[in-house]
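Presented below is the structure to which this report refers.
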Amino acid sequence: MRRAILLACICTLAALPLLNMLPTDNPLHVSDFIITIVGKWLCYAILALSIDLAWGYAGILSLGHGAFFALGGYAIGMHLMRLIGPRGVYGHPILPDFMVFLGYTELPWFWWGFQSFPFAMAMALAVPGLLAFVVGYLAFRSRITGVYLSILTQALTYALMLAFFRNDMGFGGNNGFTDFKELLGFSLNTSSARMGLFYASLLALVVALALCANIVGSKLGRVLVAVRDGESRARFLGYDTLQHKLFIFVLSAMLAGLAGALYVPQVGIINPGEFSPGNSIEAVVWVAFGGRGTLVGAILGAFSVNALKTWLTSVAPDLWLFVLGAIFVAVTLLLPRGLIGLLEGRRK
Amino acid sequence: MNSLYLDGVTVMFDGFRALNNLSLIIEPGELRAIIGPNGAGKTTMMDVITGKTKPTTGTVKFGNHDLTRMDEPRIAMLGIGRKFQKPTVFDALTVFENLELALKSPRGPLACWRWRLAGTARQKIQATLDEIGLPDRAQDLAGLLSHGQRQWLEIGMLLMQEPELLLVDEPVAGMTDQETEHTAALLKRIAGTRSVVVVEHDLEFVRALGRRVTVLHEGSTLSEGSIDHVQNDPRVIEVYLGR
Ligand SMILES: Nc1ncnc2c1ncn2[C@@H]1O[C@H](COP(=O)(O)OP(=O)(O)OP(=O)(O)O)[C@@H](O)[C@H]1O
Ligand SMILES: [Mg+2]
């Protein structure tokens, strides 16, 4: 049942860019707007999946996953900035515009290597992974769990936001990166680039889902559930729960970084606002709404809440935050198993 | 198999003797019941054996191993398993999966990810399912079990770790009469190939076990012998049964 719905969804999504190529007067034509926005949602769905893996299975409620997403975005953003080359306003062959503006004379060391796409992609995974390792190790070792961990991760993303706002960090300050020109030889403003990024995101989502499903279906998945429901008992059974939590937290952060790396070329901008604490909370709401601990529910939640948001921000933009809050309260009180629970009825 | 040997064990809590010069020997394969009024020191005795509490003075040995010098995980590795009063099975997992988690196997995250259930492991789990009397509940979520069945599953999870000595604290509290009977049969079945020490208040249950009984009082042994012997011991009647 779940599998059939999933397959139908993937086929529909895969067909969208093809329908986009139909002539505009064809009733089945899908607009560029839809392609761009669904492309974004695909990235959000990967982020939601990463949160569900940590929260739904291992009970690690991170309210800072937006930070991992943003770091992945910044890594690919640095690559896109390097690719602009002499086409910038100042025409400097190597330095991005903001560096010339701020009086840099040479590229800071942490920008080295980002002219290479594989390096930038590797960093989009490695930097969030490393940060998650350090934060996770310190937190889990001190047995920081539950709401304290949530606050800690929320503080983490807030601190990163403040840091990235600073011009002297070397990441473009509050303007961030934008005006990207190309990626892998494709001009970013063409429909073929849009289509390529759409399919790359869809593929990444499918692979990420398969990976998560594999983990969750293995004995590791059952150990995670044990850690979630009774960590001290799991420890008593001989599991070094620190290792399991760290493993899943790092993997989850890397998935979030991947999502961010796919997102930024599609939206054409990355700035410190991406670290804002609200983003992380919103992503958790997607998962709660879709149904946590189900993987598919997280994806469903990311799509449905964002569809609602897109519609609502066009008709009544001021209402969005209230609606988001209302969704969260409603899910907590009425739908503990989320949309998935509703769709699948009472059976379990 | 090793025997358990406590000699002259005293545990002081702020000047109060929770255990007072306690001596006890559990032979390999023995099933022993420990009874005693509230605060007699039964749980403290188990804490001392499992390394949770260090004795102020005295000897605690398991075979040649000096348990007073070992920490909890190492004592568990030696083959001393403990069932706490509160059952802590994982409700969101099936009975089978609960046992699988407890099975001796590599514990690291990558090893768990790669782990595949082989024939021998499956047989071990099946054997334990039979031993605890839950073979037809294998695929049910543990959350659906009755209170008594959860206690048996918990004992099963301890058995999966192949202990030499099993400590069981008040297993039948809150059980129906029929469940209590089953539990007595279960403990008799699993003793022999390992030693079992049961702490219990329920005298009917202790009688159903039909083995040697130790009565604790104020941290030391008051009486020891068959259930009829201790029930007729005037000192026991005075402090415990006669009340
Ligand atoms: N950590 C501790 N600090 C101080 N006193 C303690 C501690 N643990 C136990 N005690 C005391 O030691 C005495 C023995 O307690 P213990 O829990 O071993 O009794 P018990 O025989 O298991 O009783 P019950 O039948 O109520 O379970 C009690 O008076 C208790 O209050
Ligand atoms: Mg007790």
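How things are named: the first chain in the structure tokens is A, the next is B, and so on; residues count from 1 in each chain; ligands count from 1 in the order shown.
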Using only C-alpha atoms and all ligand atoms, find each residue with an atom at most 12 Å away from ligand 2 and format the answer as an mmCIF file with all heavy atoms, in the first residue's frame.
```
data_model
loop_
_atom_site.group_PDB
_atom_site.id
_atom_site.type_symbol
_atom_site.label_atom_id
_atom_site.label_comp_id
_atom_site.auth_asym_id
_atom_site.auth_seq_id
_atom_site.Cartn_x
_atom_site.Cartn_y
_atom_site.Cartn_z
ATOM 1 N N ALA B 18 22.463 -1.388 56.115
ATOM 2 C CA ALA B 18 21.467 -1.993 55.222
ATOM 3 C C ALA B 18 21.751 -3.486 55.103
ATOM 4 O O ALA B 18 20.837 -4.305 55.032
ATOM 5 C CB ALA B 18 21.501 -1.330 53.857
ATOM 6 N N ILE B 34 14.764 -15.755 48.279
ATOM 7 C CA ILE B 34 15.125 -14.880 49.396
ATOM 8 C C ILE B 34 13.874 -14.129 49.808
ATOM 9 O O ILE B 34 13.243 -13.471 48.957
ATOM 10 C CB ILE B 34 16.199 -13.860 48.983
ATOM 11 C CG1 ILE B 34 17.341 -14.534 48.243
ATOM 12 C CG2 ILE B 34 16.646 -13.037 50.184
ATOM 13 C CD1 ILE B 34 18.587 -14.758 49.006
ATOM 14 N N ILE B 35 13.502 -14.229 51.073
ATOM 15 C CA ILE B 35 12.349 -13.463 51.544
ATOM 16 C C ILE B 35 12.780 -12.602 52.712
ATOM 17 O O ILE B 35 13.886 -12.754 53.251
ATOM 18 C CB ILE B 35 11.162 -14.371 51.943
ATOM 19 C CG1 ILE B 35 11.559 -15.321 53.076
ATOM 20 C CG2 ILE B 35 10.649 -15.149 50.738
ATOM 21 C CD1 ILE B 35 10.389 -16.137 53.619
ATOM 22 N N GLY B 36 11.902 -11.717 53.115
ATOM 23 C CA GLY B 36 12.217 -10.846 54.242
ATOM 24 C C GLY B 36 11.326 -9.630 54.204
ATOM 25 O O GLY B 36 10.836 -9.260 53.146
ATOM 26 N N PRO B 37 11.095 -9.022 55.401
ATOM 27 C CA PRO B 37 10.208 -7.861 55.448
ATOM 28 C C PRO B 37 10.785 -6.678 54.682
ATOM 29 O O PRO B 37 11.961 -6.690 54.312
ATOM 30 C CB PRO B 37 10.091 -7.549 56.937
ATOM 31 C CG PRO B 37 11.275 -8.193 57.564
ATOM 32 C CD PRO B 37 11.651 -9.361 56.720
ATOM 33 N N ASN B 38 9.980 -5.643 54.478
ATOM 34 C CA ASN B 38 10.436 -4.434 53.798
ATOM 35 C C ASN B 38 11.655 -3.870 54.501
ATOM 36 O O ASN B 38 11.701 -3.812 55.724
ATOM 37 C CB ASN B 38 9.349 -3.357 53.809
ATOM 38 C CG ASN B 38 8.210 -3.735 52.889
ATOM 39 O OD1 ASN B 38 7.112 -4.019 53.347
ATOM 40 N ND2 ASN B 38 8.482 -3.762 51.619
ATOM 41 N N GLY B 39 12.645 -3.487 53.717
ATOM 42 C CA GLY B 39 13.842 -2.870 54.288
ATOM 43 C C GLY B 39 14.822 -3.874 54.861
ATOM 44 O O GLY B 39 15.794 -3.499 55.509
ATOM 45 N N ALA B 40 14.589 -5.179 54.608
ATOM 46 C CA ALA B 40 15.477 -6.198 55.155
ATOM 47 C C ALA B 40 16.843 -6.179 54.482
ATOM 48 O O ALA B 40 17.814 -6.728 55.019
ATOM 49 C CB ALA B 40 14.844 -7.579 54.998
ATOM 50 N N GLY B 41 16.924 -5.590 53.296
ATOM 51 C CA GLY B 41 18.218 -5.528 52.605
ATOM 52 C C GLY B 41 18.296 -6.392 51.360
ATOM 53 O O GLY B 41 19.381 -6.591 50.806
ATOM 54 N N LYS B 42 17.162 -6.877 50.888
ATOM 55 C CA LYS B 42 17.165 -7.796 49.734
ATOM 56 C C LYS B 42 17.686 -7.114 48.467
ATOM 57 O O LYS B 42 18.554 -7.643 47.759
ATOM 58 C CB LYS B 42 15.745 -8.339 49.499
ATOM 59 C CG LYS B 42 15.138 -8.980 50.755
ATOM 60 C CD LYS B 42 13.762 -9.526 50.507
ATOM 61 C CE LYS B 42 12.702 -8.482 50.201
ATOM 62 N NZ LYS B 42 12.301 -7.624 51.331
ATOM 63 N N THR B 43 17.110 -5.929 48.201
ATOM 64 C CA THR B 43 17.543 -5.218 46.997
ATOM 65 C C THR B 43 18.996 -4.768 47.134
ATOM 66 O O THR B 43 19.777 -4.849 46.180
ATOM 67 C CB THR B 43 16.606 -4.022 46.731
ATOM 68 O OG1 THR B 43 15.280 -4.520 46.552
ATOM 69 C CG2 THR B 43 17.011 -3.270 45.485
ATOM 70 N N THR B 44 19.369 -4.352 48.346
ATOM 71 C CA THR B 44 20.751 -3.945 48.579
ATOM 72 C C THR B 44 21.707 -5.110 48.316
ATOM 73 O O THR B 44 22.779 -4.941 47.728
ATOM 74 C CB THR B 44 20.916 -3.435 50.031
ATOM 75 O OG1 THR B 44 19.945 -2.418 50.255
ATOM 76 C CG2 THR B 44 22.307 -2.885 50.267
ATOM 77 N N MET B 45 21.290 -6.313 48.708
ATOM 78 C CA MET B 45 22.117 -7.498 48.461
ATOM 79 C C MET B 45 22.350 -7.676 46.960
ATOM 80 O O MET B 45 23.465 -7.952 46.514
ATOM 81 C CB MET B 45 21.418 -8.727 49.044
ATOM 82 C CG MET B 45 22.182 -10.021 48.842
ATOM 83 S SD MET B 45 21.113 -11.445 49.073
ATOM 84 C CE MET B 45 20.256 -11.456 47.523
ATOM 85 N N MET B 46 21.285 -7.493 46.167
ATOM 86 C CA MET B 46 21.436 -7.617 44.718
ATOM 87 C C MET B 46 22.325 -6.502 44.168
ATOM 88 O O MET B 46 23.113 -6.734 43.252
ATOM 89 C CB MET B 46 20.063 -7.549 44.055
ATOM 90 C CG MET B 46 19.226 -8.764 44.397
ATOM 91 S SD MET B 46 18.105 -9.094 43.048
ATOM 92 C CE MET B 46 17.388 -10.629 43.571
ATOM 93 N N ASP B 47 22.187 -5.304 44.736
ATOM 94 C CA ASP B 47 23.036 -4.190 44.309
ATOM 95 C C ASP B 47 24.513 -4.508 44.543
ATOM 96 O O ASP B 47 25.371 -4.156 43.743
ATOM 97 C CB ASP B 47 22.681 -2.905 45.074
ATOM 98 C CG ASP B 47 21.334 -2.333 44.644
ATOM 99 O OD1 ASP B 47 20.825 -2.754 43.587
ATOM 100 O OD2 ASP B 47 20.796 -1.473 45.373
ATOM 101 N N LYS B 83 17.186 -8.936 36.755
ATOM 102 C CA LYS B 83 15.879 -8.452 36.340
ATOM 103 C C LYS B 83 15.363 -7.499 37.398
ATOM 104 O O LYS B 83 15.225 -7.854 38.547
ATOM 105 C CB LYS B 83 14.906 -9.613 36.188
ATOM 106 C CG LYS B 83 13.624 -9.197 35.530
ATOM 107 C CD LYS B 83 12.532 -10.213 35.779
ATOM 108 C CE LYS B 83 11.185 -9.562 35.983
ATOM 109 N NZ LYS B 83 11.146 -8.298 36.661
ATOM 110 N N PHE B 84 15.113 -6.276 36.976
ATOM 111 C CA PHE B 84 14.627 -5.268 37.919
ATOM 112 C C PHE B 84 13.140 -5.447 38.173
ATOM 113 O O PHE B 84 12.447 -6.164 37.451
ATOM 114 C CB PHE B 84 14.904 -3.869 37.381
ATOM 115 C CG PHE B 84 16.344 -3.503 37.433
ATOM 116 C CD1 PHE B 84 17.169 -3.723 36.354
ATOM 117 C CD2 PHE B 84 16.886 -2.966 38.588
ATOM 118 C CE1 PHE B 84 18.506 -3.397 36.410
ATOM 119 C CE2 PHE B 84 18.218 -2.637 38.651
ATOM 120 C CZ PHE B 84 19.036 -2.856 37.558
ATOM 121 N N GLN B 85 12.647 -4.754 39.201
ATOM 122 C CA GLN B 85 11.233 -4.888 39.541
ATOM 123 C C GLN B 85 10.354 -4.381 38.418
ATOM 124 O O GLN B 85 9.351 -4.973 38.088
ATOM 125 C CB GLN B 85 10.944 -4.132 40.843
ATOM 126 C CG GLN B 85 11.209 -5.010 42.061
ATOM 127 C CD GLN B 85 11.139 -4.248 43.369
ATOM 128 O OE1 GLN B 85 12.156 -3.883 43.930
ATOM 129 N NE2 GLN B 85 9.938 -4.024 43.851
ATOM 130 N N LYS B 86 10.753 -3.231 37.854
ATOM 131 C CA LYS B 86 9.929 -2.633 36.789
ATOM 132 C C LYS B 86 10.313 -3.283 35.458
ATOM 133 O O LYS B 86 11.466 -3.236 35.058
ATOM 134 C CB LYS B 86 10.226 -1.130 36.738
ATOM 135 C CG LYS B 86 9.167 -0.329 36.013
ATOM 136 C CD LYS B 86 9.440 1.176 36.163
ATOM 137 C CE LYS B 86 9.622 1.785 34.803
ATOM 138 N NZ LYS B 86 10.901 2.407 34.550
ATOM 139 N N VAL B 168 16.595 -12.165 40.227
ATOM 140 C CA VAL B 168 15.247 -11.760 39.832
ATOM 141 C C VAL B 168 14.564 -11.100 41.021
ATOM 142 O O VAL B 168 14.369 -11.735 42.055
ATOM 143 C CB VAL B 168 14.432 -12.991 39.366
ATOM 144 C CG1 VAL B 168 13.109 -12.549 38.773
ATOM 145 C CG2 VAL B 168 15.214 -13.808 38.357
ATOM 146 N N ASP B 169 14.224 -9.814 40.894
ATOM 147 C CA ASP B 169 13.651 -9.062 42.015
ATOM 148 C C ASP B 169 12.133 -8.987 41.868
ATOM 149 O O ASP B 169 11.623 -8.416 40.920
ATOM 150 C CB ASP B 169 14.255 -7.645 42.041
ATOM 151 C CG ASP B 169 14.188 -7.030 43.438
ATOM 152 O OD1 ASP B 169 13.506 -7.614 44.299
ATOM 153 O OD2 ASP B 169 14.814 -5.978 43.649
ATOM 154 N N GLU B 170 11.418 -9.575 42.814
ATOM 155 C CA GLU B 170 9.947 -9.540 42.883
ATOM 156 C C GLU B 170 9.276 -9.736 41.532
ATOM 157 O O GLU B 170 8.591 -8.840 41.039
ATOM 158 C CB GLU B 170 9.495 -8.211 43.506
ATOM 159 C CG GLU B 170 10.094 -8.035 44.884
ATOM 160 C CD GLU B 170 9.348 -7.022 45.735
ATOM 161 O OE1 GLU B 170 8.133 -6.857 45.508
ATOM 162 O OE2 GLU B 170 9.963 -6.425 46.615
ATOM 163 N N PRO B 171 9.421 -10.936 40.962
ATOM 164 C CA PRO B 171 8.860 -11.141 39.626
ATOM 165 C C PRO B 171 7.337 -11.216 39.598
ATOM 166 O O PRO B 171 6.733 -10.876 38.608
ATOM 167 C CB PRO B 171 9.481 -12.478 39.181
ATOM 168 C CG PRO B 171 9.786 -13.188 40.450
ATOM 169 C CD PRO B 171 10.138 -12.129 41.435
ATOM 170 N N ALA B 173 5.006 -9.735 41.574
ATOM 171 C CA ALA B 173 4.195 -8.622 42.071
ATOM 172 C C ALA B 173 3.221 -8.198 40.979
ATOM 173 O O ALA B 173 3.615 -7.953 39.848
ATOM 174 C CB ALA B 173 5.094 -7.453 42.468
ATOM 175 N N VAL B 198 15.901 -15.599 43.517
ATOM 176 C CA VAL B 198 14.647 -14.843 43.408
ATOM 177 C C VAL B 198 14.327 -14.164 44.728
ATOM 178 O O VAL B 198 14.300 -14.819 45.763
ATOM 179 C CB VAL B 198 13.436 -15.764 43.115
ATOM 180 C CG1 VAL B 198 12.314 -14.964 42.507
ATOM 181 C CG2 VAL B 198 13.827 -16.930 42.266
ATOM 182 N N VAL B 199 14.091 -12.870 44.673
ATOM 183 C CA VAL B 199 13.591 -12.153 45.839
ATOM 184 C C VAL B 199 12.093 -12.031 45.691
ATOM 185 O O VAL B 199 11.603 -11.646 44.640
ATOM 186 C CB VAL B 199 14.233 -10.751 45.923
ATOM 187 C CG1 VAL B 199 13.419 -9.840 46.825
ATOM 188 C CG2 VAL B 199 15.660 -10.856 46.400
ATOM 189 N N GLU B 200 11.348 -12.392 46.713
ATOM 190 C CA GLU B 200 9.888 -12.350 46.568
ATOM 191 C C GLU B 200 9.204 -12.212 47.927
ATOM 192 O O GLU B 200 9.677 -12.721 48.938
ATOM 193 C CB GLU B 200 9.417 -13.626 45.854
ATOM 194 C CG GLU B 200 7.989 -13.607 45.411
ATOM 195 C CD GLU B 200 7.589 -12.316 44.703
ATOM 196 O OE1 GLU B 200 7.995 -12.077 43.538
ATOM 197 O OE2 GLU B 200 6.858 -11.530 45.330
ATOM 198 N N HIS B 201 8.088 -11.512 47.945
ATOM 199 C CA HIS B 201 7.270 -11.374 49.150
ATOM 200 C C HIS B 201 6.207 -12.457 49.223
ATOM 201 O O HIS B 201 5.763 -12.847 50.289
ATOM 202 C CB HIS B 201 6.543 -10.021 49.150
ATOM 203 C CG HIS B 201 7.386 -8.896 49.610
ATOM 204 N ND1 HIS B 201 7.825 -8.792 50.905
ATOM 205 C CD2 HIS B 201 7.885 -7.823 48.967
ATOM 206 C CE1 HIS B 201 8.561 -7.701 51.040
ATOM 207 N NE2 HIS B 201 8.617 -7.092 49.863
ATOM 208 N N LEU B 216 15.921 -12.983 55.172
ATOM 209 C CA LEU B 216 16.755 -11.852 55.581
ATOM 210 C C LEU B 216 15.986 -11.015 56.584
ATOM 211 O O LEU B 216 14.778 -10.854 56.473
ATOM 212 C CB LEU B 216 17.103 -10.964 54.378
ATOM 213 C CG LEU B 216 18.203 -11.383 53.419
ATOM 214 C CD1 LEU B 216 18.565 -10.211 52.519
ATOM 215 C CD2 LEU B 216 19.427 -11.865 54.159
#
```
Run DSSP on the backbone and tell me which residues of stretch 95-256 of chain A come out as strand (DSSP E or B); list them as a PyMOL selection string. chain A and resi 177-178+182-183+186-187
Kindly export the residues of the current selection with C-alpha atoms, as a PDB file, in the first residue's frame.
```
ATOM      1  CA  PHE A 177      25.990  34.701  -2.068  1.00  0.00           C
ATOM      2  CA  THR A 178      23.916  35.324  -5.185  1.00  0.00           C
ATOM      3  CA  GLU A 182      26.607  28.387 -14.037  1.00  0.00           C
ATOM      4  CA  LEU A 183      26.997  24.923 -12.591  1.00  0.00           C
ATOM      5  CA  PHE A 186      25.194  24.702 -17.610  1.00  0.00           C
ATOM      6  CA  SER A 187      23.925  28.245 -17.422  1.00  0.00           C
TER       7      SER A 187
END
```
Please list as a list of chain:residue names every residue within 9 Å of B:Gly58, counting only C-alpha atoms and excluding residues in the same chain fewer than 4 positions away. B:Leu6, B:Asp7, B:Gly8, B:Val9, B:Thr10, B:Val11, B:Asn21, B:Leu22, B:Ser23, B:Thr68
Selection to disk with C-alpha atoms, as an mmCIF file, in the first residue's frame:
```
data_model
loop_
_atom_site.group_PDB
_atom_site.id
_atom_site.type_symbol
_atom_site.label_atom_id
_atom_site.label_comp_id
_atom_site.auth_asym_id
_atom_site.auth_seq_id
_atom_site.Cartn_x
_atom_site.Cartn_y
_atom_site.Cartn_z
ATOM 1 C CA LEU B 6 29.134 -13.677 50.141
ATOM 2 C CA ASP B 7 30.952 -13.544 53.480
ATOM 3 C CA GLY B 8 30.664 -10.971 56.232
ATOM 4 C CA VAL B 9 29.201 -8.362 53.905
ATOM 5 C CA THR B 10 28.236 -5.071 55.522
ATOM 6 C CA VAL B 11 26.815 -2.056 53.703
ATOM 7 C CA ASN B 21 27.620 -9.195 58.296
ATOM 8 C CA LEU B 22 25.663 -11.136 55.672
ATOM 9 C CA SER B 23 26.943 -14.520 54.484
ATOM 10 C CA THR B 68 33.899 -5.945 44.914
#
```
Residues at most 9 Å from stretch 181-197 of chain B, counting only C-alpha atoms, excluding those fewer than 2 positions away in the same chain, as an MDAnalysis selection string? chainID B and resid 1:3 26:34 131:133 148 151:152 159 162:169 171:172 176:179 199 205:206 208:209
Pick from A:Gln154, A:Val100, A:Lys181, A:Tyr44, whichever lies nearest to A:Arg87 using only C-alpha atoms: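 Looking at the shortest contact to A:Arg87, the residue is A:Lys181.
Coordinates place atom CA of B:Leu203 at a distance of 28.8 Å from atom CA of B:Met12.
If you measure from each of B:Asp130, B:Asp233, B:Asp14, B:Glu100 to ligand 1 using only C-alpha atoms and all ligand atoms, the closest one turns out to be B:Asp14.
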Can you pull out every residue within 9 Å of A:Ile299, counting only C-alpha atoms, but drop anything in the same chain fewer than 6 positions away, and send it as a PyMOL selection string? chain A and resi 42+44-49+286-287+290
Residues of chain A no more than 9 Å from chain B, counting only C-alpha atoms: send them over as a PyMOL selection string. chain A and resi 214-223+225-226+229-230+233-234+236-241+243-245+247-248
Atom CA of A:Pro96 to atom CA of A:Ala75, straight-line distance in Å: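 Separating atom CA of A:Ala75 from atom CA of A:Pro96 is a distance of 14.4 Å.
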Could you name the residues that touch A:Ser252 at 7 Å or less, counting only C-alpha atoms, but leaving out those on the same chain fewer than 5 positions away, as a ChimeraX atom specification? /A:50-51,53-54
DSSP says helix (DSSP H, G or I) for which residues of stretch 94-193 of chain A? Put them as a ChimeraX atom specification? /A:97-101,109-111,117-141,146-165,167-169,173-175,191-193
A:Phe117: which residues within 12 Å, counting only C-alpha atoms, same-chain residues fewer than 3 positions away excluded, as a list in words?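 In the requested form, the answer reads Ala75, Ile76, Gly77, Met78, His79, Leu80, Met81, Arg82, Leu83, Gly113, Phe114, Ala120, Met121, Ala122, Met123, Ala124, Glu182, Leu183, Leu184, Gly185 and Ala261 of chain A.
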Dump N, CA, C and O atoms for the selected residues as a short mmCIF file (atom, residue, chain, number, x, y, z; two decimals), in the first residue's frame?
```cif
data_model
loop_
_atom_site.label_atom_id
_atom_site.label_comp_id
_atom_site.auth_asym_id
_atom_site.auth_seq_id
_atom_site.Cartn_x
_atom_site.Cartn_y
_atom_site.Cartn_z
N ALA A 75 28.32 25.65 1.18
CA ALA A 75 29.43 24.96 0.51
C ALA A 75 29.25 25.00 -1.01
O ALA A 75 30.19 25.33 -1.75
N ILE A 76 28.05 24.70 -1.48
CA ILE A 76 27.83 24.73 -2.93
C ILE A 76 27.82 26.19 -3.41
O ILE A 76 28.28 26.49 -4.52
N GLY A 77 27.34 27.09 -2.53
CA GLY A 77 27.35 28.51 -2.86
C GLY A 77 28.76 29.03 -3.11
O GLY A 77 29.01 29.82 -4.03
N MET A 78 29.71 28.56 -2.31
CA MET A 78 31.11 28.97 -2.51
C MET A 78 31.60 28.49 -3.86
O MET A 78 32.32 29.21 -4.57
N HIS A 79 31.20 27.29 -4.24
CA HIS A 79 31.58 26.78 -5.56
C HIS A 79 30.98 27.66 -6.66
O HIS A 79 31.68 28.08 -7.58
N LEU A 80 29.71 27.98 -6.53
CA LEU A 80 29.03 28.80 -7.54
C LEU A 80 29.67 30.19 -7.62
O LEU A 80 29.79 30.77 -8.71
N MET A 81 30.10 30.72 -6.47
CA MET A 81 30.76 32.03 -6.46
C MET A 81 32.09 31.97 -7.20
O MET A 81 32.45 32.87 -7.95
N ARG A 82 32.83 30.87 -6.96
CA ARG A 82 34.12 30.74 -7.64
C ARG A 82 33.94 30.62 -9.14
O ARG A 82 34.78 31.04 -9.92
N LEU A 83 32.82 30.00 -9.56
CA LEU A 83 32.59 29.80 -10.99
C LEU A 83 32.23 31.10 -11.71
O LEU A 83 32.30 31.17 -12.93
N GLY A 113 40.10 25.32 -3.03
CA GLY A 113 39.54 24.04 -3.44
C GLY A 113 38.11 24.12 -3.91
O GLY A 113 37.64 23.22 -4.62
N PHE A 114 37.41 25.22 -3.58
CA PHE A 114 35.99 25.27 -3.92
C PHE A 114 35.72 25.52 -5.40
O PHE A 114 34.58 25.48 -5.83
N ALA A 120 33.54 20.72 -3.48
CA ALA A 120 32.46 21.48 -2.85
C ALA A 120 31.35 20.54 -2.37
O ALA A 120 30.83 20.69 -1.25
N MET A 121 31.03 19.54 -3.19
CA MET A 121 29.99 18.59 -2.76
C MET A 121 30.45 17.81 -1.54
O MET A 121 29.67 17.56 -0.62
N ALA A 122 31.73 17.41 -1.55
CA ALA A 122 32.26 16.68 -0.41
C ALA A 122 32.17 17.53 0.86
O ALA A 122 31.79 17.04 1.93
N MET A 123 32.47 18.83 0.71
CA MET A 123 32.39 19.73 1.86
C MET A 123 30.94 19.92 2.32
O MET A 123 30.67 20.07 3.51
N ALA A 124 30.02 19.92 1.36
CA ALA A 124 28.60 20.09 1.70
C ALA A 124 28.11 18.95 2.59
O ALA A 124 27.18 19.10 3.37
N GLU A 182 26.66 29.71 -13.41
CA GLU A 182 26.61 28.39 -14.04
C GLU A 182 26.95 27.31 -13.02
O GLU A 182 27.48 27.59 -11.94
N LEU A 183 26.63 26.08 -13.40
CA LEU A 183 27.00 24.92 -12.59
C LEU A 183 27.27 23.78 -13.56
O LEU A 183 26.43 23.48 -14.42
N LEU A 184 28.43 23.15 -13.41
CA LEU A 184 28.83 22.02 -14.27
C LEU A 184 28.68 22.37 -15.75
O LEU A 184 28.26 21.54 -16.55
N GLY A 185 28.97 23.63 -16.09
CA GLY A 185 28.94 24.01 -17.50
C GLY A 185 27.57 24.42 -18.02
O GLY A 185 27.45 24.85 -19.17
N ALA A 261 22.64 21.69 -0.40
CA ALA A 261 23.48 21.83 -1.59
C ALA A 261 22.66 21.75 -2.87
O ALA A 261 23.00 22.35 -3.88
#
```
When you count only C-alpha atoms and all ligand atoms, which of these residues is closest to ligand 1: B:Leu78, B:Val95, B:Leu4, B:Val48? B:Val48
Between atom CA of A:Ile35 and atom CA of A:Gly297, what is the distance, to one decimal in Å? 22.2 Å
Between B:Arg74, B:Arg207, B:Asp140, B:His217, which is the closest to B:His229 once you count only C-alpha atoms?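 Closest to B:His229, using only C-alpha atoms: B:Arg207.
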